[in-house]
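Q: So I've got this file, run06.tsv, and it contains TSV, C-alpha atoms and all ligand atoms:
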chain	number	residue	atom	x	y	z
A	5	MET	CA	0.00	0.00	0.00
A	6	GLU	CA	1.08	3.57	-0.67
A	7	VAL	CA	-0.16	6.37	1.61
A	8	PRO	CA	0.15	9.90	0.21
A	9	PHE	CA	0.74	12.77	2.60
A	10	LEU	CA	-2.09	14.64	0.93
A	11	ASP	CA	-4.15	13.78	-2.14
A	12	LEU	CA	-6.30	16.71	-3.27
A	13	LYS	CA	-7.69	14.78	-6.22
A	14	ARG	CA	-9.85	12.59	-3.95
A	15	GLY	CA	-11.92	15.55	-2.78
A	16	TYR	CA	-12.16	16.84	-6.31
A	17	ALA	CA	-13.77	13.61	-7.45
A	18	LYS	CA	-16.60	14.42	-5.04
A	19	TYR	CA	-17.45	18.05	-5.90
A	20	GLY	CA	-15.46	18.66	-9.08
A	21	GLN	CA	-18.47	18.73	-11.38
A	22	GLU	CA	-20.23	21.34	-9.26
A	23	ILE	CA	-17.09	23.46	-9.19
A	24	GLU	CA	-16.62	23.22	-12.92
A	25	ASN	CA	-20.20	24.37	-13.47
A	26	GLU	CA	-19.74	27.38	-11.20
A	27	VAL	CA	-16.43	28.36	-12.78
A	28	VAL	CA	-18.10	28.33	-16.20
A	29	ASN	CA	-20.86	30.54	-14.77
A	30	VAL	CA	-18.26	33.07	-13.63
A	31	LEU	CA	-16.45	32.96	-16.95
A	32	ARG	CA	-19.69	33.62	-18.83
A	33	SER	CA	-20.86	36.34	-16.44
A	34	GLY	CA	-18.33	38.96	-17.50
A	35	VAL	CA	-17.65	39.92	-13.84
A	36	TYR	CA	-14.31	38.67	-12.56
A	37	LEU	CA	-13.52	40.79	-9.51
A	38	ASN	CA	-15.55	42.45	-6.72
A	39	GLY	CA	-18.69	40.67	-7.88
A	40	PRO	CA	-21.60	38.74	-6.40
A	41	TYR	CA	-19.68	35.54	-5.60
A	42	THR	CA	-17.17	37.41	-3.46
A	43	LYS	CA	-19.89	39.31	-1.67
A	44	GLU	CA	-21.76	36.10	-0.92
A	45	LEU	CA	-18.61	34.31	0.25
A	46	GLU	CA	-17.74	37.18	2.58
A	47	ARG	CA	-21.24	37.15	4.04
A	48	ARG	CA	-21.34	33.37	4.52
A	49	LEU	CA	-17.93	32.95	6.08
A	50	ALA	CA	-18.31	35.93	8.43
A	51	SER	CA	-21.64	34.52	9.55
A	52	PHE	CA	-20.06	31.08	10.04
A	53	LEU	CA	-17.48	32.61	12.39
A	54	ASP	CA	-20.13	34.84	13.97
A	55	ILE	CA	-18.20	38.00	13.22
A	56	PHE	CA	-19.38	41.21	11.50
A	57	TYR	CA	-17.16	41.44	8.45
A	58	GLY	CA	-15.29	39.24	6.00
A	59	ILE	CA	-13.12	40.84	3.34
A	60	GLY	CA	-11.93	38.65	0.49
A	61	VAL	CA	-8.24	39.12	-0.28
A	62	SER	CA	-5.63	37.63	-2.60
A	63	SER	CA	-3.95	35.39	0.00
A	64	GLY	CA	-3.56	34.75	3.71
A	65	THR	CA	-0.25	36.58	3.63
A	66	GLU	CA	-1.77	39.70	2.11
A	67	GLY	CA	-4.64	39.46	4.57
A	68	LEU	CA	-2.20	39.66	7.49
A	69	TYR	CA	-0.30	42.47	5.78
A	70	LEU	CA	-3.47	44.45	5.18
A	71	ILE	CA	-4.49	44.14	8.85
A	72	LEU	CA	-1.09	45.43	9.96
A	73	LYS	CA	-1.26	48.35	7.52
A	74	ALA	CA	-4.79	49.17	8.61
A	75	LEU	CA	-3.58	49.67	12.20
A	76	ASP	CA	-1.58	52.74	11.21
A	77	LEU	CA	1.10	52.11	13.87
A	78	PRO	CA	4.34	54.11	13.88
A	79	ARG	CA	7.20	52.72	11.77
A	80	GLY	CA	9.51	50.49	13.79
A	81	SER	CA	6.80	49.32	16.22
A	82	TYR	CA	7.44	45.91	17.77
A	83	VAL	CA	5.15	43.03	16.91
A	84	LEU	CA	5.34	39.73	18.80
A	85	VAL	CA	5.18	36.62	16.61
A	86	PRO	CA	5.77	32.92	17.31
A	87	ALA	CA	9.15	31.56	16.20
A	88	PHE	CA	7.46	28.30	15.26
A	89	THR	CA	5.17	29.08	12.31
A	90	PHE	CA	5.20	29.62	8.56
A	91	ILE	CA	7.33	32.59	7.54
A	92	ALA	CA	4.36	34.60	6.24
A	93	THR	CA	3.49	35.47	9.87
A	94	SER	CA	6.72	37.42	10.38
A	95	GLU	CA	7.35	38.40	6.75
A	96	VAL	CA	4.34	40.74	6.77
A	97	VAL	CA	5.59	42.48	9.92
A	98	VAL	CA	8.81	43.51	8.19
A	99	ARG	CA	7.02	44.46	4.97
A	100	ALA	CA	4.59	46.66	6.93
A	101	GLY	CA	7.56	48.56	8.41
A	102	PHE	CA	7.56	46.98	11.88
A	103	ILE	CA	10.00	44.81	13.82
A	104	PRO	CA	9.11	41.18	14.56
A	105	PHE	CA	10.06	39.85	17.98
A	106	PHE	CA	10.06	36.07	18.12
A	107	VAL	CA	8.35	34.27	20.98
A	108	ASP	CA	8.96	30.65	21.95
A	109	VAL	CA	6.09	28.14	21.93
A	110	GLU	CA	4.86	25.27	24.12
A	111	GLU	CA	5.95	21.74	23.34
A	112	ARG	CA	2.58	19.95	23.41
A	113	THR	CA	0.38	22.60	21.81
A	114	TYR	CA	2.98	23.97	19.35
A	115	ASN	CA	1.58	27.44	20.05
A	116	VAL	CA	2.59	30.47	22.09
A	117	SER	CA	1.12	30.42	25.60
A	118	LEU	CA	0.23	33.37	27.81
A	119	GLU	CA	3.36	32.66	29.87
A	120	LYS	CA	5.66	32.81	26.85
A	121	LEU	CA	3.99	36.00	25.62
A	122	LYS	CA	4.26	37.62	29.04
A	123	GLU	CA	8.00	36.87	29.15
A	124	ALA	CA	8.60	38.42	25.75
A	125	TYR	CA	6.40	41.39	26.63
A	126	ALA	CA	8.30	42.01	29.88
A	127	PHE	CA	11.67	41.63	28.14
A	128	LEU	CA	10.85	44.26	25.53
A	129	THR	CA	8.96	46.63	27.82
A	130	LYS	CA	11.88	46.71	30.28
A	131	ARG	CA	14.06	47.92	27.41
A	132	GLY	CA	11.64	50.67	26.42
A	133	LYS	CA	10.37	48.74	23.40
A	134	LYS	CA	6.83	47.93	24.46
A	135	PRO	CA	5.30	45.79	21.71
A	136	SER	CA	2.27	47.33	19.97
A	137	ALA	CA	0.75	44.15	18.64
A	138	VAL	CA	0.95	40.37	18.67
A	139	ILE	CA	0.10	37.94	15.89
A	140	VAL	CA	-1.09	34.69	17.46
A	141	VAL	CA	-1.05	31.59	15.26
A	142	SER	CA	-3.23	28.53	15.91
A	143	LEU	CA	-0.76	26.16	14.34
A	144	TYR	CA	-1.88	22.98	12.58
A	145	GLY	CA	-5.42	24.15	13.38
A	146	ILE	CA	-4.98	23.73	17.15
A	147	PRO	CA	-6.37	26.79	18.95
A	148	ALA	CA	-3.79	28.82	20.85
A	149	ASP	CA	-4.51	29.90	24.42
A	150	LEU	CA	-6.69	32.66	22.99
A	151	GLU	CA	-9.05	33.42	25.86
A	152	ARG	CA	-6.24	34.22	28.28
A	153	ILE	CA	-4.12	35.93	25.65
A	154	GLU	CA	-7.03	38.16	24.66
A	155	GLU	CA	-7.49	39.24	28.27
A	156	PHE	CA	-3.79	39.96	28.70
A	157	CYS	CA	-3.70	42.01	25.50
A	158	GLN	CA	-6.70	44.05	26.59
A	159	GLU	CA	-5.18	44.73	30.00
A	160	ASN	CA	-1.86	45.84	28.52
A	161	GLY	CA	-2.98	47.76	25.45
A	162	ILE	CA	-1.56	45.27	22.94
A	163	ILE	CA	-3.41	44.76	19.67
A	164	LEU	CA	-4.25	41.10	19.14
A	165	ILE	CA	-4.19	39.81	15.56
A	166	GLU	CA	-4.91	36.20	14.70
A	167	ASP	CA	-3.23	34.22	11.94
A	168	ILE	CA	-5.89	31.56	11.36
A	169	CYS	CA	-4.44	30.36	8.05
A	170	GLN	CA	-4.43	26.78	9.38
A	171	ALA	CA	-7.33	27.20	11.78
A	172	PHE	CA	-10.43	28.26	9.89
A	173	GLY	CA	-13.22	26.19	11.48
A	174	ALA	CA	-11.46	25.71	14.83
A	175	LYS	CA	-13.31	26.67	18.02
A	176	ILE	CA	-12.85	27.15	21.74
A	177	LEU	CA	-16.17	26.08	23.25
A	178	ASP	CA	-18.62	27.86	20.94
A	179	ARG	CA	-16.37	30.72	19.97
A	180	ALA	CA	-14.62	30.52	16.61
A	181	VAL	CA	-10.87	30.92	16.37
A	182	GLY	CA	-10.51	34.13	14.37
A	183	THR	CA	-12.92	36.12	16.54
A	184	PHE	CA	-10.49	36.80	19.38
A	185	GLY	CA	-8.77	40.13	19.15
A	186	LEU	CA	-9.15	42.92	16.64
A	187	ALA	CA	-8.86	41.06	13.34
A	188	SER	CA	-7.82	37.76	11.82
A	189	ALA	CA	-6.71	36.47	8.44
A	190	THR	CA	-7.19	33.06	6.87
A	191	SER	CA	-5.80	31.43	3.75
A	192	PHE	CA	-7.55	29.40	1.06
A	193	TYR	CA	-4.29	27.99	-0.31
A	194	PRO	CA	-4.96	24.52	-1.79
A	195	THR	CA	-3.77	22.54	1.25
A	196	LYS	CA	-5.67	24.50	3.93
A	197	PRO	CA	-8.85	23.18	5.61
A	198	LEU	CA	-11.07	25.43	3.45
A	199	ALA	CA	-9.24	25.78	0.16
A	200	THR	CA	-9.47	26.86	-3.44
A	201	PHE	CA	-7.27	25.82	-6.38
A	202	GLY	CA	-4.86	28.71	-6.20
A	203	ASP	CA	-4.19	31.67	-3.92
A	204	ALA	CA	-6.87	33.49	-1.94
A	205	GLY	CA	-7.66	34.53	1.61
A	206	MET	CA	-10.00	36.47	3.87
A	207	VAL	CA	-9.74	39.04	6.63
A	208	PHE	CA	-12.27	38.93	9.48
A	209	THR	CA	-13.10	41.68	11.94
A	210	SER	CA	-15.99	43.20	13.83
A	211	ASP	CA	-14.27	46.59	13.86
A	212	GLU	CA	-15.89	48.95	11.38
A	213	GLU	CA	-12.79	51.11	10.98
A	214	ILE	CA	-10.50	48.13	10.26
A	215	GLU	CA	-13.00	46.76	7.77
A	216	LYS	CA	-13.14	50.06	5.91
A	217	ARG	CA	-9.36	50.44	5.91
A	218	VAL	CA	-8.67	46.91	4.67
A	219	ARG	CA	-11.16	47.37	1.82
A	220	ILE	CA	-9.46	50.60	0.79
A	221	LEU	CA	-5.93	49.21	1.15
A	222	LYS	CA	-6.63	46.10	-0.94
A	223	GLU	CA	-7.66	48.45	-3.78
A	224	HIS	CA	-4.34	50.35	-3.87
A	225	GLY	CA	-5.43	52.72	-1.10
A	226	GLN	CA	-8.14	54.21	-3.31
A	227	THR	CA	-10.79	56.20	-1.42
A	228	ARG	CA	-12.71	57.31	-4.51
A	229	PRO	CA	-12.11	56.48	-8.17
A	230	TYR	CA	-8.42	57.01	-8.97
A	231	PHE	CA	-7.83	59.03	-5.79
A	232	TYR	CA	-5.43	57.57	-3.23
A	233	GLU	CA	-5.15	58.50	0.44
A	234	TYR	CA	-3.10	55.47	1.59
A	235	HIS	CA	-0.23	53.28	0.37
A	236	GLY	CA	-2.17	50.21	-0.66
A	237	ILE	CA	-1.72	47.08	-2.74
A	238	ASN	CA	-3.57	44.99	-5.30
A	239	GLY	CA	-4.94	42.53	-2.77
A	240	ARG	CA	-8.28	41.35	-4.17
A	241	ILE	CA	-9.76	37.86	-4.33
A	242	ASP	CA	-10.98	36.64	-7.78
A	243	GLU	CA	-14.62	35.80	-8.49
A	244	ILE	CA	-13.48	32.39	-9.74
A	245	HIS	CA	-11.95	31.56	-6.37
A	246	SER	CA	-15.00	32.89	-4.52
A	247	ALA	CA	-17.27	30.69	-6.65
A	248	ILE	CA	-15.08	27.63	-6.01
A	249	LEU	CA	-15.00	28.39	-2.28
A	250	LEU	CA	-18.78	28.68	-2.11
A	251	VAL	CA	-19.04	25.13	-3.44
A	252	LYS	CA	-16.25	23.89	-1.14
A	253	PHE	CA	-17.89	25.57	1.84
A	254	LYS	CA	-21.02	23.42	1.37
A	255	TYR	CA	-18.84	20.41	2.19
A	256	PHE	CA	-16.75	22.12	4.83
A	257	LYS	CA	-18.58	21.06	8.00
A	258	GLN	CA	-18.63	17.50	6.78
A	259	GLU	CA	-14.91	17.61	5.98
A	260	LEU	CA	-14.18	19.16	9.35
A	261	GLU	CA	-16.00	16.25	10.96
A	262	LEU	CA	-13.93	13.79	8.90
A	263	ARG	CA	-10.74	15.58	9.99
A	264	ARG	CA	-11.81	15.38	13.64
A	265	ASN	CA	-12.61	11.68	13.34
A	266	LEU	CA	-9.25	10.94	11.73
A	267	ALA	CA	-7.40	12.93	14.40
A	268	SER	CA	-9.29	11.10	17.18
A	269	TYR	CA	-8.38	7.84	15.55
A	270	TYR	CA	-4.67	8.71	15.35
A	271	ILE	CA	-4.74	9.89	18.98
A	272	GLU	CA	-6.54	6.80	20.22
A	273	ARG	CA	-4.22	4.43	18.38
A	274	LEU	CA	-0.93	6.22	19.04
A	275	LYS	CA	-1.30	7.02	22.72
A	276	GLY	CA	0.94	5.36	25.28
A	277	LEU	CA	4.08	5.49	23.14
A	278	GLU	CA	5.84	8.12	25.28
A	279	PRO	CA	8.72	8.81	25.57
A	280	ASN	CA	9.20	7.63	21.99
A	281	LEU	CA	6.29	9.53	20.54
A	282	PHE	CA	4.24	12.43	21.89
A	283	LEU	CA	0.82	13.54	20.73
A	284	PRO	CA	-0.54	17.07	20.79
A	285	GLU	CA	-2.40	17.90	24.01
A	286	ILE	CA	-5.83	19.35	23.31
A	287	PRO	CA	-7.93	20.80	26.17
A	288	LYS	CA	-11.50	19.43	26.29
A	289	THR	CA	-13.06	22.75	25.25
A	290	TYR	CA	-10.84	23.09	22.16
A	291	PHE	CA	-11.99	21.94	18.74
A	292	PRO	CA	-9.09	22.04	16.27
A	293	SER	CA	-9.63	22.32	12.52
A	294	TRP	CA	-6.76	19.83	12.06
A	295	ALA	CA	-5.09	21.34	9.02
A	296	LEU	CA	-2.27	18.92	9.78
A	297	PHE	CA	-1.76	16.08	12.22
A	298	THR	CA	1.63	16.45	13.86
A	299	ILE	CA	3.41	14.30	16.42
A	300	THR	CA	6.83	14.74	18.01
A	301	THR	CA	9.50	12.12	18.43
A	302	PRO	CA	13.21	12.21	19.28
A	303	TYR	CA	13.64	9.68	16.46
A	304	ARG	CA	11.98	11.88	13.86
A	305	ASP	CA	14.41	11.47	10.94
A	306	GLN	CA	14.71	7.70	11.41
A	307	LEU	CA	10.95	7.31	11.65
A	308	GLN	CA	10.41	9.42	8.56
A	309	ALA	CA	12.90	7.32	6.59
A	310	PHE	CA	11.36	4.08	7.87
A	311	LEU	CA	7.87	5.20	6.83
A	312	LYS	CA	9.11	6.34	3.45
A	313	GLU	CA	10.48	2.87	2.79
A	314	LYS	CA	6.96	1.62	3.43
A	315	LYS	CA	5.65	4.20	0.95
A	316	ILE	CA	4.08	6.29	3.72
A	317	TYR	CA	4.79	9.94	3.06
A	318	THR	CA	5.21	12.45	5.88
A	319	ARG	CA	6.38	16.07	6.04
A	320	ILE	CA	8.09	18.43	8.42
A	321	TYR	CA	6.44	21.73	9.35
A	322	TYR	CA	8.77	23.45	10.16
A	323	GLU	CA	12.36	22.31	9.96
A	324	HIS	CA	14.03	25.70	10.44
A	325	PRO	CA	12.97	27.99	13.30
A	326	LEU	CA	12.15	31.50	12.09
A	327	HIS	CA	14.45	33.26	14.55
A	328	LEU	CA	17.44	31.41	13.05
A	329	GLN	CA	16.58	32.06	9.40
A	330	PRO	CA	19.30	33.96	7.51
A	331	VAL	CA	16.82	36.68	6.61
A	332	TYR	CA	16.31	37.54	10.32
A	333	GLN	CA	19.96	37.42	11.37
A	334	GLU	CA	20.07	41.15	12.00
A	335	LEU	CA	17.44	40.79	14.72
A	336	GLY	CA	20.12	39.19	16.89
A	337	PHE	CA	18.47	35.90	17.86
A	338	LYS	CA	20.93	33.05	18.42
A	339	ASP	CA	20.73	29.28	18.61
A	340	GLY	CA	19.62	28.28	22.13
A	341	MET	CA	17.48	31.36	22.77
A	342	LEU	CA	14.11	29.75	21.98
A	343	PRO	CA	14.70	26.16	23.09
A	344	VAL	CA	11.22	24.72	22.58
A	345	THR	CA	10.97	25.99	19.01
A	346	GLU	CA	14.44	24.62	18.30
A	347	LYS	CA	13.54	21.25	19.79
A	348	LEU	CA	10.26	21.05	17.90
A	349	SER	CA	11.96	21.81	14.61
A	350	LYS	CA	14.05	18.67	15.18
A	351	GLN	CA	11.19	16.49	16.45
A	352	VAL	CA	7.92	17.33	14.68
A	353	LEU	CA	6.53	15.05	12.02
A	354	SER	CA	3.23	15.59	10.19
A	355	LEU	CA	1.52	12.32	9.31
A	356	PRO	CA	-0.60	11.61	6.22
A	357	PHE	CA	-3.77	13.61	6.80
A	358	PHE	CA	-6.71	14.78	4.71
A	359	PRO	CA	-10.47	14.17	4.96
A	360	TYR	CA	-10.54	11.37	2.40
A	361	LEU	CA	-7.78	9.24	3.88
A	362	THR	CA	-9.20	5.72	4.25
A	363	ARG	CA	-9.42	3.56	7.38
A	364	GLU	CA	-7.07	1.03	5.74
A	365	GLU	CA	-4.48	3.72	5.06
A	366	LEU	CA	-4.70	5.06	8.61
A	367	GLU	CA	-4.44	1.56	10.02
A	368	TYR	CA	-1.33	0.94	7.90
A	369	VAL	CA	0.29	4.19	9.10
A	370	VAL	CA	-0.41	3.43	12.77
A	371	HIS	CA	0.75	-0.16	12.38
A	372	SER	CA	3.99	0.93	10.71
A	373	ILE	CA	4.75	3.54	13.38
A	374	LYS	CA	4.27	0.93	16.10
A	375	GLU	CA	6.44	-1.51	14.18
A	376	PHE	CA	9.22	1.11	14.05
A	377	PHE	CA	9.22	1.58	17.82
A	378	GLN	CA	8.88	-2.13	18.59
A	379	ARG	CA	11.99	-2.86	16.54
A	380	GLY	CA	13.85	-0.77	19.12
A	401	LIG	C1	-0.51	29.23	4.75
A	401	LIG	C2	-0.14	30.13	5.85
A	401	LIG	C3	-0.01	31.52	5.67
A	401	LIG	C4	-0.04	32.17	4.34
A	401	LIG	O1	-1.17	31.95	3.58
A	401	LIG	P1	-1.08	32.15	1.99
A	401	LIG	O2	-2.50	32.14	1.56
A	401	LIG	O3	-0.28	31.03	1.45
A	401	LIG	O4	-0.43	33.47	1.75
A	401	LIG	C5	0.26	32.29	6.78
A	401	LIG	N1	0.39	31.75	8.01
A	401	LIG	C6	0.28	30.43	8.22
A	401	LIG	C7	0.41	29.90	9.61
A	401	LIG	C8	0.02	29.57	7.15
A	401	LIG	O5	-0.06	28.26	7.37
How does this structure look as structure tokens?
A:
Amino acid sequence: MEVPFLDLKRGYAKYGQEIENEVVNVLRSGVYLNGPYTKELERRLASFLDIFYGIGVSSGTEGLYLILKALDLPRGSYVLVPAFTFIATSEVVVRAGFIPFFVDVEERTYNVSLEKLKEAYAFLTKRGKKPSAVIVVSLYGIPADLERIEEFCQENGIILIEDICQAFGAKILDRAVGTFGLASATSFYPTKPLATFGDAGMVFTSDEEIEKRVRILKEHGQTRPYFYEYHGINGRIDEIHSAILLVKFKYFKQELELRRNLASYYIERLKGLEPNLFLPEIPKTYFPSWALFTITTPYRDQLQAFLKEKKIYTRIYYEHPLHLQPVYQELGFKDGMLPVTEKLSKQVLSLPFFPYLTREELEYVVHSIKEFFQRG
């Protein structure tokens, strides 16, 4: 048997015909941007999160960038970001004219905790560099400690932004991830939980001023036809992607359920392997969107090679901590400064995971992992 890490074609077999019909409708309509499909998608997704506004944008990255620009903070402001995330989270901080400050994460949730944020906040504040904002990521779709972080941010005048690019559909109790803080951005990149077949994203907020600003900024900063009051970008979503996403969204809850069942299955079957293998720890009130299913093991590289020999394909998100990337050298972070991030980058392994993975495939993956550890 061969188990792909991710096979997008299986989902397509299910709703491909519907998508093709809708794409043809867009093509024949003569409206390709800022049209009815985008408006409907914005309305539906905002309502799904129970938030006032959704603003379709060209990608998750641009969504985060647009939020930062909409804040109108002074140049050189400090923004806290996790060191263990995709580079887009910190890339936008630099591009918006601010300084990223990397925060370590927790080993079993992969996310920043309130404690880690507090430490970084105290460190900077003591040096007269009080951070203005924080971008919290709910990595792999596992909610970060958002309730407590939100409270801390409110008490200390820090703007909370959420990167929910892997966490659209995740919840804490009944509250959607993406509704904590001032604004959030998600991605519809092909491998994300809600995805199109190309690049697109959405910004969510209940703040009227942020909504207005992001809409202006994604249209080059235009406030009336060909009149520009802000430095903006071309950051729109296409009607084709909105139409595709409206079809995909019909299946989203069902796919989320499949993801949760698969994750439960992995957890049930892989527990008790410590200290060889550790599973993510999910509080009872947290409902991840499970963009990825990631374990940690001190034998990561050997396990990955063993599985590959069995034609089971796994991936590493992320192998190189952000604070040690060449591009951030000037920030002065050194090896050893963010130990959990550094450890995770050597120990995380994402297992085959997508809604249409079969029971047989899962069983084979679990069986092979156990075989690896039993061999000693
Ligand atoms: C995918 C991703 C992004 C960027 O989204 P794009 O749509 O690819 O620009 C940002 N942050 C995280 C955590 C992501 O996983």
Q: To one decimal place in Å, what is the distance between CA of Glu367 in chain A and CA of Arg112 in chain A?
A: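 One can read the CA of Glu367 in chain A to CA of Arg112 in chain A distance as 23.8 Å.
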Q: I need the residue nearest Lys315 in chain A from this list: A:Leu335, A:Glu365, A:Lys18, A:Leu45. Use all atoms listed in the file for the distance.
A: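 The answer is A:Glu365, which sits nearest to Lys315 in chain A.
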Q: For Gly205 in chain A, which of A:Gly58, A:Tyr317, A:Pro8, A:Leu128 is the closest residue, counting only C-alpha atoms?
A: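 When distances to Gly205 in chain A are compared using only C-alpha atoms, the smallest one comes from A:Gly58.
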Q: For a cutoff of 12 Å around the file-coordinate point (10.6, 31.3, 24.5), which residues qualify once you count only C-alpha atoms? I'd like the result as a PyMOL selection string.
A: chain A and resi 84-88+105-111+114-125+127+325+327+337+339-347
Q: Grab me every residue within 10 Å of ligand LIG 401 (chain A), counting only C-alpha atoms and all ligand atoms, and send it over as a PyMOL selection string.
A: chain A and resi 61-69+86+88-96+140-145+166-171+189-196+199+202-206+295-296+321
Q: What is the CA of Ala247 in chain A to CA of Tyr41 in chain A distance in Å?
A: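 Calculated distance between CA of Ala247 in chain A and CA of Tyr41 in chain A is 5.5 Å.
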Q: Determine, counting all atoms listed in the file, which protein, DNA and RNA residues have an atom within 9 Å of an atom of Lys43 in chain A; residues of the same chain fewer than 2 positions away are not included. Present the result as a short mmCIF file (atom, residue, chain, number, x, y, z; two decimals) with C-alpha atoms, keeping the file's coordinate frame.
A:
data_model
loop_
_atom_site.label_atom_id
_atom_site.label_comp_id
_atom_site.auth_asym_id
_atom_site.auth_seq_id
_atom_site.Cartn_x
_atom_site.Cartn_y
_atom_site.Cartn_z
CA ASN A 38 -15.55 42.45 -6.72
CA GLY A 39 -18.69 40.67 -7.88
CA PRO A 40 -21.60 38.74 -6.40
CA TYR A 41 -19.68 35.54 -5.60
CA LEU A 45 -18.61 34.31 0.25
CA GLU A 46 -17.74 37.18 2.58
CA ARG A 47 -21.24 37.15 4.04
CA ARG A 48 -21.34 33.37 4.52
CA GLY A 58 -15.29 39.24 6.00
CA ILE A 59 -13.12 40.84 3.34
CA GLY A 60 -11.93 38.65 0.49
CA SER A 246 -15.00 32.89 -4.52
#
Q: Would you mind reading off the distance between CA of Gly173 in chain A and CA of Leu260 in chain A, one decimal, in Å?
A: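 So the answer is 7.4 Å.
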Q: Using all atoms listed in the file, which of the listed residues (A:His235, A:Lys288, A:Arg179, A:Lys374) sits closest to Lys222 in chain A?
A: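 Smallest separation from Lys222 in chain A among the options: A:His235.
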Q: Of the candidates A:Pro359, A:Pro287, A:Pro330, A:Pro147, which shows the shortest atom-to-atom distance to Glu259 in chain A, using all atoms listed in the file?
A: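 The shortest atom-to-atom distance to Glu259 in chain A comes from A:Pro359.
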Q: In terms of the shortest atom-to-atom distance over all atoms listed in the file, which of A:Arg217, A:Phe253, A:Ile71, A:Leu274 is closest to Gly185 in chain A?
A: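 Checking each of A:Arg217, A:Phe253, A:Ile71, A:Leu274 against Gly185 in chain A, counting all atoms listed in the file, the winner is A:Ile71.
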Q: Identify which of the residues A:Val331, A:Ala137, A:Ile162, A:Leu353 lies closest to Ile299 in chain A, counting all atoms listed in the file when measuring atom-to-atom distances.
A: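 Of A:Val331, A:Ala137, A:Ile162, A:Leu353, the one nearest Ile299 in chain A, counting all atoms listed in the file, is A:Leu353.
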Q: Can you list, as JSON, numbers by chain, every protein, DNA or RNA residue that comes within 12 Å of Lys257 in chain A when you count only C-alpha atoms, leaving out same-chain residues fewer than 2 positions away?
A: {"A": [52, 172, 173, 174, 197, 198, 252, 253, 254, 255, 259, 260, 261, 262, 263, 264, 293, 359]}
Q: Each side padded by 3 Å, which centre and which edge lengths in Å (one decimal) define the axis-aligned box around the listed atoms of range 41-59 of chain A? Give them as AutoDock Vina command-line options.
A:
--center_x -17.4 --center_y 36.3 --center_z 4.2 --size_x 14.6 --size_y 16.4 --size_z 25.6
